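Student: Following this message is one structure expressed as structure tokens.
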Amino acid sequence: MTASHEPAPAPPQIVGILNVTPDSFSDGGRYLDFADAVGHGEQMAAEGADIIDVGGESTRPGAERVDAATEISRVVDVVAALAERGLTVSIDTTRAEVAAAAIGAGAGVVNDVSGGLADPDMARVVADTGVRWILMHWRGHSRDMQRLAHYDSVVADVKAELEDRVEAALESGVDASKLVIDPGLGFAKTADHNWRLSAHLHEFVELGYPVLFASSRKSYLGSLLADDSGKVRPVGQREAATLATSVLAFEAGAWGVRVHDVAGTADARAVWLATAAVRRARL
Ligand code: PMM
């Protein structure tokens, strides 16, 4: 058997989650202190994260909003400290004002869970600064998003709505090469919707833009793994299930995964890369 010389594609990106919030569903309250937050970002980078995603507003279902000044004060020094250490930092925000402050502090990616819908100024900030923009599928703010979880066909509808967001971004002058799309698991989605989107992730990849998959510790995994009495698996015990979903996302051609457990994900990525290398070489 002869080995082929197919070039290796870029390895999937690992986006490590750093929520500088008191109330995020998984790590809320753990990294509110500046030194703790920077230390955790550095640790995730050492474990293999390619991007550190810093967020100052919880987006868990039902969460109340904070004002922009509070959001900026939570994230901006942390972003600056991580960027100064040479790390690629993304800012998880739906507000142009927060994105601009974080980009000023060194962020190179805007992770916008509203896909540009929440703030009409976001596209301008992204276009003017030339940063990468993650457009997530979104239908409304966390307080009331679960009542918006109605679809004719969730895969087709989410794809179409994301394509609209991409179109709007391009019309605003954002370069196509800067865009990443994300089906937005858990955002106006039931567990059943999340499973369908995960199982059809390759269809999102086929749209031609890099795809981010963000399942980490989400409640549909807790429901799947409920015990015999129906008690949902707690957030801290969903890591193995998260890793399984990440490997499935790599198989589907995802550009990256957004996770809490970077070390475990880096091991899973190494396994997947070794497998992919053998397949490419047709050994
Ligand atoms: N989920 C959360 C926050 N930010 N960003 C993207 N791009 N995709 C997501 O699915 C997403 C996100 C909520 O989870 P967290 O509280 O663990 O950060």
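Chain identifiers are assigned as A, B, and so on, following the order in which chains appear in the structure tokens; residues are numbered from 1 within each chain, and ligands are numbered from 1 in order of appearance.
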Around ligand 1, which protein and nucleic acid residues have at least one atom no more than 7 Å from it, if we count only C-alpha atoms and all ligand atoms? List them as number ranges by chain.
Tutor: A: 17, 19, 24-26, 58-60, 92, 111-113, 134-136, 182, 184-186, 212-216
Student: Based on the selection just made, write N, CA and C atoms of those residues as an mmCIF file, in the first residue's frame.
Tutor:
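Result file follows (out-v4.cif):
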data_model
loop_
_atom_site.group_PDB
_atom_site.id
_atom_site.type_symbol
_atom_site.label_atom_id
_atom_site.label_comp_id
_atom_site.auth_asym_id
_atom_site.auth_seq_id
_atom_site.Cartn_x
_atom_site.Cartn_y
_atom_site.Cartn_z
ATOM 1 N N ILE A 17 -13.173 28.000 27.839
ATOM 2 C CA ILE A 17 -14.192 28.913 28.396
ATOM 3 C C ILE A 17 -13.694 29.562 29.690
ATOM 4 N N ASN A 19 -15.445 32.203 32.077
ATOM 5 C CA ASN A 19 -16.569 33.073 32.417
ATOM 6 C C ASN A 19 -16.248 33.878 33.669
ATOM 7 N N SER A 24 -22.736 32.036 35.744
ATOM 8 C CA SER A 24 -22.801 31.119 34.601
ATOM 9 C C SER A 24 -23.114 29.724 35.106
ATOM 10 N N PHE A 25 -23.743 28.892 34.260
ATOM 11 C CA PHE A 25 -24.303 27.648 34.791
ATOM 12 C C PHE A 25 -23.250 26.667 35.278
ATOM 13 N N SER A 26 -22.055 26.724 34.676
ATOM 14 C CA SER A 26 -21.060 25.721 35.057
ATOM 15 C C SER A 26 -19.959 26.289 35.944
ATOM 16 N N SER A 58 -23.525 36.242 31.905
ATOM 17 C CA SER A 58 -24.036 34.881 31.783
ATOM 18 C C SER A 58 -25.132 34.828 30.731
ATOM 19 N N THR A 59 -25.103 33.750 29.930
ATOM 20 C CA THR A 59 -26.153 33.566 28.917
ATOM 21 C C THR A 59 -26.976 32.324 29.222
ATOM 22 N N ARG A 60 -26.875 31.831 30.476
ATOM 23 C CA ARG A 60 -27.649 30.621 30.776
ATOM 24 C C ARG A 60 -29.142 30.953 30.698
ATOM 25 N N ASP A 92 -16.616 37.092 24.604
ATOM 26 C CA ASP A 92 -17.970 36.536 24.482
ATOM 27 C C ASP A 92 -18.952 37.618 24.906
ATOM 28 N N ASN A 111 -16.887 36.652 19.986
ATOM 29 C CA ASN A 111 -17.822 35.524 20.042
ATOM 30 C C ASN A 111 -19.183 36.092 20.421
ATOM 31 N N ASP A 112 -20.038 36.243 19.408
ATOM 32 C CA ASP A 112 -21.308 36.956 19.596
ATOM 33 C C ASP A 112 -22.450 35.938 19.544
ATOM 34 N N VAL A 113 -22.987 35.594 20.720
ATOM 35 C CA VAL A 113 -24.040 34.564 20.740
ATOM 36 C C VAL A 113 -25.316 35.036 20.049
ATOM 37 N N ILE A 134 -17.427 35.175 15.514
ATOM 38 C CA ILE A 134 -18.214 33.944 15.645
ATOM 39 C C ILE A 134 -19.682 34.342 15.716
ATOM 40 N N LEU A 135 -20.450 33.884 14.710
ATOM 41 C CA LEU A 135 -21.889 34.189 14.641
ATOM 42 C C LEU A 135 -22.660 32.966 15.122
ATOM 43 N N MET A 136 -23.267 33.082 16.283
ATOM 44 C CA MET A 136 -24.052 31.958 16.796
ATOM 45 C C MET A 136 -25.518 32.134 16.444
ATOM 46 N N ASP A 182 -22.052 28.969 14.272
ATOM 47 C CA ASP A 182 -22.255 28.092 15.439
ATOM 48 C C ASP A 182 -23.768 27.866 15.573
ATOM 49 N N GLY A 184 -25.502 27.066 18.025
ATOM 50 C CA GLY A 184 -26.072 27.623 19.252
ATOM 51 C C GLY A 184 -26.848 26.624 20.094
ATOM 52 N N LEU A 185 -26.199 25.526 20.462
ATOM 53 C CA LEU A 185 -26.880 24.514 21.280
ATOM 54 C C LEU A 185 -27.405 25.126 22.570
ATOM 55 N N GLY A 186 -28.660 24.844 22.877
ATOM 56 C CA GLY A 186 -29.243 25.312 24.137
ATOM 57 C C GLY A 186 -29.859 26.701 24.075
ATOM 58 N N LEU A 212 -18.174 26.250 14.733
ATOM 59 C CA LEU A 212 -17.848 26.034 16.146
ATOM 60 C C LEU A 212 -18.967 25.236 16.794
ATOM 61 N N PHE A 213 -18.592 24.228 17.578
ATOM 62 C CA PHE A 213 -19.567 23.370 18.266
ATOM 63 C C PHE A 213 -19.364 23.567 19.764
ATOM 64 N N ALA A 214 -20.431 23.909 20.473
ATOM 65 C CA ALA A 214 -20.292 24.289 21.883
ATOM 66 C C ALA A 214 -21.321 23.536 22.739
ATOM 67 N N SER A 215 -20.984 22.313 23.084
ATOM 68 C CA SER A 215 -21.907 21.471 23.856
ATOM 69 C C SER A 215 -21.543 21.410 25.329
ATOM 70 N N SER A 216 -20.390 21.957 25.699
ATOM 71 C CA SER A 216 -19.745 21.623 26.972
ATOM 72 C C SER A 216 -20.678 21.718 28.187
#
Student: Taking 3 positions as the minimum chain separation for residues in the same chain, which residues sit within 7 Å of segment 96-107 of chain A when counting only C-alpha atoms? Answer as a ChimeraX atom specification.
Tutor: /A:68,72,76,79-80,83,88-91,93,110,119,121-122,125
Student: Grab the atom CA of Ala123 of chain A to atom CA of Phe187 of chain A distance for me, in Å with one decimal place.
Tutor: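 Those two atoms sit 21.0 Å apart.
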Student: Which residues are near Glu206 of chain A? Cut-off 12 Å, only C-alpha atoms, ignore same chain within fewer than 4 positions. Put them as a VMD selection string.
Tutor: chain A and resid 159 163 181 200 to 202 210 to 211 252 to 255
Student: Go through segment 204-269 of chain A and collect every residue that DSSP, computed from the backbone, puts in strand (DSSP E or B); the answer should be as a list in words.
Tutor: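 Matching residues for strand (DSSP E or B) in segment 204-269 of chain A are Val211, Leu212, Phe213, Gly256, Val257, Arg258 and Val259 of chain A.
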Student: May I have all residues of segment 30-223 of chain A that DSSP, computed from the backbone, assigns to alpha helix (DSSP H), given as a ChimeraX atom specification?
Tutor: /A:34-47,68-84,96-104,122-129,154-171,191-199,201-205,219-223
Student: Which value, in Å to one decimal, gives the distance between atom CA of Glu57 of chain A and atom CA of Glu71 of chain A?
Tutor: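 For atom CA of Glu57 of chain A relative to atom CA of Glu71 of chain A, the distance reads 6.2 Å.
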Student: Show which residues sit within 7 Å of Val174 of chain A, as a VMD selection string. Count only C-alpha atoms, and ignore same-chain residues fewer than 3 positions away.
Tutor: chain A and resid 126 to 127 169 to 170
Student: Write out as a list in words each polymer residue whose atoms come within 7 Å of segment 30-41 of chain A, counting only C-alpha atoms; drop sequence neighbours fewer than 3 positions from it.
Tutor: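 Result of the neighbour search: Leu18, Asn19, Val20, Thr21, Pro22, Asp27, Met44, Ala45, Ile52, Val78, Ala81 and Leu82 of chain A.
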Student: Could you name the residues that touch Val247 of chain A at 8 Å or less, counting only C-alpha atoms, but leaving out those on the same chain fewer than 2 positions away, as a PDB file with N, CA and C atoms, in the first residue's frame?
Tutor:
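Writing the result to selection.pdb gives the following:
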ATOM      1  N   LEU A 243     -16.829  15.153  26.022  1.00  0.00           N
ATOM      2  CA  LEU A 243     -15.717  14.709  25.170  1.00  0.00           C
ATOM      3  C   LEU A 243     -16.228  13.882  23.995  1.00  0.00           C
ATOM      4  N   ALA A 244     -17.210  13.023  24.276  1.00  0.00           N
ATOM      5  CA  ALA A 244     -17.774  12.213  23.179  1.00  0.00           C
ATOM      6  C   ALA A 244     -18.371  13.125  22.108  1.00  0.00           C
ATOM      7  N   THR A 245     -19.092  14.162  22.528  1.00  0.00           N
ATOM      8  CA  THR A 245     -19.688  15.070  21.533  1.00  0.00           C
ATOM      9  C   THR A 245     -18.610  15.828  20.763  1.00  0.00           C
ATOM     10  N   ALA A 249     -17.983  15.936  16.786  1.00  0.00           N
ATOM     11  CA  ALA A 249     -17.894  17.211  16.054  1.00  0.00           C
ATOM     12  C   ALA A 249     -16.644  17.235  15.174  1.00  0.00           C
ATOM     13  N   PHE A 250     -15.522  16.712  15.681  1.00  0.00           N
ATOM     14  CA  PHE A 250     -14.309  16.645  14.843  1.00  0.00           C
ATOM     15  C   PHE A 250     -14.599  15.792  13.603  1.00  0.00           C
ATOM     16  N   GLU A 251     -15.271  14.664  13.819  1.00  0.00           N
ATOM     17  CA  GLU A 251     -15.603  13.770  12.698  1.00  0.00           C
ATOM     18  C   GLU A 251     -16.475  14.480  11.658  1.00  0.00           C
ATOM     19  N   ALA A 268      -8.449  14.124  23.550  1.00  0.00           N
ATOM     20  CA  ALA A 268      -9.410  13.607  22.558  1.00  0.00           C
ATOM     21  C   ALA A 268      -9.015  14.060  21.155  1.00  0.00           C
ATOM     22  N   ARG A 269      -8.563  15.301  21.045  1.00  0.00           N
ATOM     23  CA  ARG A 269      -8.122  15.809  19.734  1.00  0.00           C
ATOM     24  C   ARG A 269      -6.905  15.025  19.234  1.00  0.00           C
ATOM     25  N   TRP A 272      -8.081  11.819  17.816  1.00  0.00           N
ATOM     26  CA  TRP A 272      -8.751  12.022  16.534  1.00  0.00           C
ATOM     27  C   TRP A 272      -7.750  12.373  15.439  1.00  0.00           C
TER      28      TRP A 272
END
Student: Neighbouring residues of Glu239 of chain A were defined as those with any atom within 12 Å, considering only C-alpha atoms; residues of the same chain fewer than 4 positions away were excluded. Please report them as a list in words.
Tutor: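 After dropping sequence-adjacent residues, the list is Ser26, Ser215, Ser216, Arg217, Lys218, Ser219, Leu221, Gly222, Leu225, Arg233, Pro234, Val235, Leu243, Ala244, Thr245, Ser246, Val259, His260, Asp261, Val262, Ala263, Gly264, Thr265 and Ala268 of chain A.
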Student: Restricting it to N, CA, C and O atoms, dump the selection as a tab-separated table (two decimals), in the first residue's frame.
Tutor:
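Once written, part_16.tsv looks like this:
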chain	number	residue	atom	x	y	z
A	26	SER	N	-22.05	26.72	34.68
A	26	SER	CA	-21.06	25.72	35.06
A	26	SER	C	-19.96	26.29	35.94
A	26	SER	O	-19.61	25.71	36.97
A	215	SER	N	-20.98	22.31	23.08
A	215	SER	CA	-21.91	21.47	23.86
A	215	SER	C	-21.54	21.41	25.33
A	215	SER	O	-22.30	20.87	26.13
A	216	SER	N	-20.39	21.96	25.70
A	216	SER	CA	-19.75	21.62	26.97
A	216	SER	C	-20.68	21.72	28.19
A	216	SER	O	-21.19	22.80	28.50
A	217	ARG	N	-20.89	20.57	28.82
A	217	ARG	CA	-21.64	20.46	30.09
A	217	ARG	C	-23.10	20.91	29.97
A	217	ARG	O	-23.74	21.18	31.00
A	218	LYS	N	-23.62	21.08	28.77
A	218	LYS	CA	-24.97	21.64	28.64
A	218	LYS	C	-26.04	20.66	29.11
A	218	LYS	O	-25.82	19.46	29.22
A	219	SER	N	-27.23	21.21	29.37
A	219	SER	CA	-28.23	20.44	30.12
A	219	SER	C	-28.78	19.26	29.32
A	219	SER	O	-29.23	18.28	29.90
A	221	LEU	N	-27.09	17.12	27.87
A	221	LEU	CA	-26.24	15.98	28.25
A	221	LEU	C	-26.65	15.49	29.65
A	221	LEU	O	-26.70	14.28	29.90
A	222	GLY	N	-26.97	16.43	30.54
A	222	GLY	CA	-27.44	16.05	31.87
A	222	GLY	C	-28.74	15.27	31.81
A	222	GLY	O	-28.94	14.30	32.57
A	225	LEU	N	-28.21	11.68	30.61
A	225	LEU	CA	-27.53	10.84	31.60
A	225	LEU	C	-28.25	10.83	32.95
A	225	LEU	O	-27.63	10.51	33.97
A	233	ARG	N	-28.15	14.43	35.51
A	233	ARG	CA	-26.73	14.35	35.89
A	233	ARG	C	-26.20	15.76	36.17
A	233	ARG	O	-26.34	16.65	35.33
A	234	PRO	N	-25.57	15.98	37.34
A	234	PRO	CA	-25.11	17.34	37.66
A	234	PRO	C	-24.06	17.85	36.67
A	234	PRO	O	-23.36	17.07	36.04
A	235	VAL	N	-23.98	19.18	36.60
A	235	VAL	CA	-23.08	19.85	35.64
A	235	VAL	C	-21.64	19.32	35.72
A	235	VAL	O	-21.00	19.10	34.69
A	243	LEU	N	-16.83	15.15	26.02
A	243	LEU	CA	-15.72	14.71	25.17
A	243	LEU	C	-16.23	13.88	23.99
A	243	LEU	O	-15.74	14.01	22.87
A	244	ALA	N	-17.21	13.02	24.28
A	244	ALA	CA	-17.77	12.21	23.18
A	244	ALA	C	-18.37	13.12	22.11
A	244	ALA	O	-18.16	12.91	20.90
A	245	THR	N	-19.09	14.16	22.53
A	245	THR	CA	-19.69	15.07	21.53
A	245	THR	C	-18.61	15.83	20.76
A	245	THR	O	-18.77	16.11	19.58
A	246	SER	N	-17.50	16.14	21.44
A	246	SER	CA	-16.42	16.88	20.75
A	246	SER	C	-15.81	16.01	19.66
A	246	SER	O	-15.54	16.48	18.55
A	259	VAL	N	-15.04	24.58	25.07
A	259	VAL	CA	-15.14	23.63	26.19
A	259	VAL	C	-14.60	24.20	27.50
A	259	VAL	O	-13.78	25.12	27.51
A	260	HIS	N	-15.06	23.58	28.60
A	260	HIS	CA	-14.51	23.89	29.91
A	260	HIS	C	-13.25	23.07	30.19
A	260	HIS	O	-12.28	23.56	30.72
A	261	ASP	N	-13.29	21.76	29.85
A	261	ASP	CA	-12.17	20.86	30.14
A	261	ASP	C	-11.21	20.81	28.95
A	261	ASP	O	-11.36	19.98	28.05
A	262	VAL	N	-10.22	21.70	28.98
A	262	VAL	CA	-9.30	21.78	27.85
A	262	VAL	C	-8.36	20.57	27.82
A	262	VAL	O	-8.10	20.00	26.75
A	263	ALA	N	-7.86	20.15	28.97
A	263	ALA	CA	-6.88	19.05	28.99
A	263	ALA	C	-7.50	17.78	28.39
A	263	ALA	O	-6.89	17.11	27.54
A	264	GLY	N	-8.69	17.45	28.80
A	264	GLY	CA	-9.36	16.26	28.27
A	264	GLY	C	-9.62	16.39	26.78
A	264	GLY	O	-9.44	15.45	26.00
A	265	THR	N	-10.03	17.59	26.36
A	265	THR	CA	-10.33	17.82	24.94
A	265	THR	C	-9.05	17.71	24.11
A	265	THR	O	-9.08	17.20	22.98
A	268	ALA	N	-8.45	14.12	23.55
A	268	ALA	CA	-9.41	13.61	22.56
A	268	ALA	C	-9.01	14.06	21.16
A	268	ALA	O	-9.09	13.29	20.19
Student: Using only C-alpha atoms, which of the listed residues (A:Glu167, A:Asp144, A:Asp157, A:Asp175) sits closest to Thr129 of chain A?
Tutor: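 Once distances to Thr129 of chain A are computed over only C-alpha atoms, the minimum belongs to A:Asp175.
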Student: Which residue is closest to Gly173 of chain A? Choose from A:Gln146, A:Arg124, A:Asp192, A:Asp152 and count only C-alpha atoms.
Tutor: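 Ranking A:Gln146, A:Arg124, A:Asp192, A:Asp152 by distance to Gly173 of chain A, first place goes to A:Arg124.
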Student: For each of A:Pro7, A:Leu248, A:Arg282, A:Ala160, take the minimum atom-to-atom distance to Ala199 of chain A, counting only C-alpha atoms, then give the residue where this is smallest.
Tutor: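 Closest candidate: A:Leu248.
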Student: How many Å separate atom CA of His141 of chain A from atom CA of Lys231 of chain A?
Tutor: 27.5 Å
